[in-house]
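Undergrad: Below are the structure tokens for one structure; questions will follow.
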Amino acid sequence: MSAEQDSVFVRNFALVIAALLAITVLLIVIANALFGDENPERQALAEERAEANLAPPFAVRLTGDPAPAIASAEEPADGGVMEVRSGEQVTQAVCIACHQGNFLNAPGVGDVDGWNERIGKGWETLVDNVVNGYGNMPAQGGAATEEEIRAAIEWMIETETGLTIPET
Ligand code: HEC
């Protein structure tokens with residue numbers, strides 16, 4: 001290889017490197033313009049997702065619906081009385097996601113055999129287990145008040161199966 005060929009090769013090689021560098025810089029500029037963090041909408045979405053990922057388990061809805069209002073949370077805005085939902089309403093809004101079709105072994109609404117095995121624990125234990133969580137059931141205390149959970153248990157078990165839950 002002559003000295004002339006060498007210098008031609010070096011020049012071309014330098015040109016190729018320079019072109020690649022230019023393309024790299026161009027791609028960085030384009031990527032920043034398209035996906036840069038200055039985009040407030042994207043930022044808001046990222047924050048919203050991060051918050052959803054950090055939410056306590058009882059606030060996460062398996063149904064994809066927004067969590068029902070927490071009856072015990074705050075005074076209603078109009079100063080009126082906060083309405084307590086009926087057992088059926090609470091069941092349909094909160095419990096039905098699992099207590100229908102045996103999800104994770106949850107006895108279904110009106111499942112006489114399934115509930116008969118469990119009600120021997122008595123009211124106090126059952127309410128406690130729903131409020132604080134039990135086995136495969138996450139704590140429900142954030143989605144309904146204790147009063148509403150009692151009403152839901154009464155409806156889901158007593159009303160719908162005809163069974164009677166013992167006091168203790
Ligand atoms: C995320 C699913 C899920 C939701 C929502 C849910 N449950 Fe459950 N529940 C379960 C599962 C699963 C079990 C069975 C737990 C086990 O034995 O491991 C269960 C068990 C129970 C039991 C029996 C507890 C015991 O001590 O044997 C009661 C009572 C009950 N649920 C009531 C409710 C009520 C009332 C609601 C609504 C306020 C509700 N559940 C919401 C999944 C759920």
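Residues in the structure tokens are numbered from 1 in each chain, the chains being A, B, ... in the order shown, and ligands are numbered from 1 in the order shown.
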Enumerate residues in contact with ligand 1: an atom-to-atom distance of at most 7 Å, counting only C-alpha atoms and all ligand atoms. Format the result as a VMD selection string.
TA: chain A and resid 62 90 to 91 94 to 99 103 to 107 118 121 125 to 127 129 to 130 134 to 138 140 144 149 to 150 152 to 153
Undergrad: Report as a list in words all protein, DNA and RNA residues lying within 10 Å of Val112 (chain A), evaluated on only C-alpha atoms, omitting residues in the same chain fewer than 4 positions from it.
TA: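 Near Val112 (chain A), the qualifying residues are Pro107, Gly108, Asn116, Glu117, Ile157, Glu158, Glu160, Thr161, Gly162 and Leu163 of chain A.
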Undergrad: Filtering to C-alpha atoms, could you give me those residues as a CSV table (one decimal), in the first residue's frame?
TA:
```csv
chain,number,residue,atom,x,y,z
A,107,PRO,CA,-67.4,-18.3,48.6
A,108,GLY,CA,-69.9,-16.8,46.2
A,116,ASN,CA,-71.7,-22.9,56.1
A,117,GLU,CA,-68.1,-23.9,56.6
A,157,ILE,CA,-74.5,-14.6,53.7
A,158,GLU,CA,-77.7,-14.4,55.7
A,160,GLU,CA,-78.9,-14.7,50.2
A,161,THR,CA,-78.4,-18.2,51.8
A,162,GLY,CA,-80.9,-18.3,54.6
A,163,LEU,CA,-78.1,-19.2,57.0
```
Undergrad: Would you work out the distance separating CA of Trp115 (chain A) from CA of Gly133 (chain A), expressed in Å to one decimal?
TA: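 Rounded to one decimal, the two atoms are 16.8 Å apart.
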Undergrad: Just the alpha helix (DSSP H) stuff from region 91-164 of chain A, please, per backbone DSSP, written as a list in words.
TA: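 Reading the DSSP output for region 91-164 of chain A, alpha helix (DSSP H) covers Val112, Asp113, Gly114, Trp115, Asn116, Gly122, Trp123, Glu124, Thr125, Leu126, Val127, Asp128, Asn129, Val130, Val131, Asn132, Glu146, Glu147, Glu148, Ile149, Arg150, Ala151, Ala152, Ile153, Glu160 and Thr161 of chain A.
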Undergrad: Between CA of Leu54 (chain A) and CA of Asn102 (chain A), what distance in Å does the model show, to one decimal?
TA: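 Between CA of Leu54 (chain A) and CA of Asn102 (chain A) the gap is 27.9 Å.
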Undergrad: Can you tell me how far CA of Ala14 (chain A) sits from CA of Leu26 (chain A), in Å to one decimal?
TA: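 Between these atoms lies a distance of 18.3 Å.
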Undergrad: Taking only C-alpha atoms into account, which of A:Thr159, A:Val109, A:Val8, A:Ser86 comes nearest Glu147 (chain A)?
TA: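 Nearest candidate to Glu147 (chain A) out of A:Thr159, A:Val109, A:Val8, A:Ser86: A:Ser86.
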